[in-house]
Amino acid sequence: MNFEPFVICPPGEKSPKPRPVDTPGGLADRMRSAAFAEKQAIHAFSWACERFRDVPQGLLDDWARLIPEEEKHYQLIVDRMEELGFSLSERPVSMRLWESLEECETGREFCLRIAGAEERGRQAGLLMIKYLAHKDPATAAVFQEIVTEEVAHVQLAETYFGWTP
Ligand SMILES: [Fe+2]
Ligand SMILES: [Fe+2]
């Protein structure tokens with residue numbers, strides 16, 4: 001799995017705590033984590049489309065459709081980080097999300113687990129939008145576009161398995 005240009009924490013280790021949100025480093029840390037979550041989602045959905053045959057074809061098609069959206073989310077964050085002069089590799093990130101997804105033995109388990117992660121990411125995004133609304137509207141707009149599209153991603157778990165956050 002190639003996660004360049006990110007610097008990955010040693011296996012089983014947590015990523016360093018983000019710096020306070022009201023510092024430039026704190027915003028960079030949160031954007032880096034968000035970008036890395038998108039990166040892991042891209043890999044995870046591609047992997048799941050190959051790995052699982054125990055779910056309806058419709059869900060496999062839906063997962064495949066999410067990949068370009070996750071790629072877009074990743075690029076939106078990375079482009080904005082570049083504008084702000086933030087580095088993706090400045091601090092290590094944790095691969096725990098990908099590791100926990102890779103452990104899934106059924107398509108259902110994968111669907112529910114990634115939907116849970118996407119919902120947590122969406123909630124974190126909503127908090128960032130609130131926080132940045134007046135301070136940094138351009139970055140808030142990036143998170144807004146992402147959280148809006150993530151609603152449909154999380155929805156797949158309800159559509160196919162009746163799960164709601
Ligand atoms: Fe996303
Ligand atoms: Fe997503």
# chains A, B, ... in the order shown; residues from 1 in each chain; ligands from 1
$ residues_around --residues "region 10-16 of chain A" --least-positions-apart "3" --cutoff "10 Å" --atoms "only C-alpha atoms" --output "list in words"
Val7, Arg19, Asp29, Ser33, Arg91, Pro92, Val93, Ser94, Met95, Arg96 and Glu99 of chain A
$ select_by_dssp --residues "region 11-153 of chain A" --states "alpha helix (DSSP H)" --output "NGL selection string"
:A and (24-51 or 57-84 or 96-102 or 107-132 or 137-153)
$ closest_atom_pairs --of "chain A" --to "ligand 2" --cutoff "9 Å" --atoms "only C-alpha atoms and all ligand atoms" --output "CSV"
residue,atom,partner,partner_atom_place_in_ligand_line,distance
A:Ala37,CA,ligand 2,1 (Fe),8.9
A:Glu38,CA,ligand 2,1 (Fe),7.1
A:Ala41,CA,ligand 2,1 (Fe),6.6
A:Ile42,CA,ligand 2,1 (Fe),8.5
A:Leu66,CA,ligand 2,1 (Fe),6.8
A:Ile67,CA,ligand 2,1 (Fe),8.3
A:Glu69,CA,ligand 2,1 (Fe),7.4
A:Glu70,CA,ligand 2,1 (Fe),5.8
A:His73,CA,ligand 2,1 (Fe),8.4
A:Ile114,CA,ligand 2,1 (Fe),8.2
A:Ala115,CA,ligand 2,1 (Fe),7.8
A:Ala117,CA,ligand 2,1 (Fe),8.7
A:Glu118,CA,ligand 2,1 (Fe),5.6
A:Glu119,CA,ligand 2,1 (Fe),8.6
A:Gly121,CA,ligand 2,1 (Fe),8.7
A:Arg122,CA,ligand 2,1 (Fe),8.8
A:Ile146,CA,ligand 2,1 (Fe),8.2
A:Val147,CA,ligand 2,1 (Fe),8.7
A:Glu149,CA,ligand 2,1 (Fe),7.4
A:Glu150,CA,ligand 2,1 (Fe),5.0
A:Val151,CA,ligand 2,1 (Fe),8.2
A:Ala152,CA,ligand 2,1 (Fe),8.2
A:His153,CA,ligand 2,1 (Fe),5.1
A:Val154,CA,ligand 2,1 (Fe),7.2
$ atom_distance --atom1 "CA of Ala28 (chain A)" --atom2 "CA of Leu88 (chain A)"
8.3 Å
$ atom_distance --atom1 "CA of Asp54 (chain A)" --atom2 "CA of Gly107 (chain A)"
6.1 Å
$ closest_residue --among "A:Glu109, A:Glu145, A:Asp136, A:Glu50" --to "Ala157 (chain A)" --atoms "only C-alpha atoms"
A:Glu109
$ residues_around --residues "Trp163 (chain A)" --least-positions-apart "2" --cutoff "10 Å" --atoms "only C-alpha atoms" --output "list in words"
Cys111, Leu112, Ala115, Gly116, Val154, Gln155, Leu156, Ala157, Glu158, Thr159, Tyr160, Phe161 and Pro165 of chain A
$ atom_distance --atom1 "CA of Lys39 (chain A)" --atom2 "CA of Thr164 (chain A)"
24.0 Å
$ closest_residue --among "A:Leu97, A:Cys104, A:Leu59, A:Ile77" --to "ligand 1" --atoms "only C-alpha atoms and all ligand atoms"
A:Ile77
$ closest_residue --among "A:Met1, A:Leu76, A:Leu127, A:Leu101" --to "Thr139 (chain A)" --atoms "only C-alpha atoms"
A:Leu76
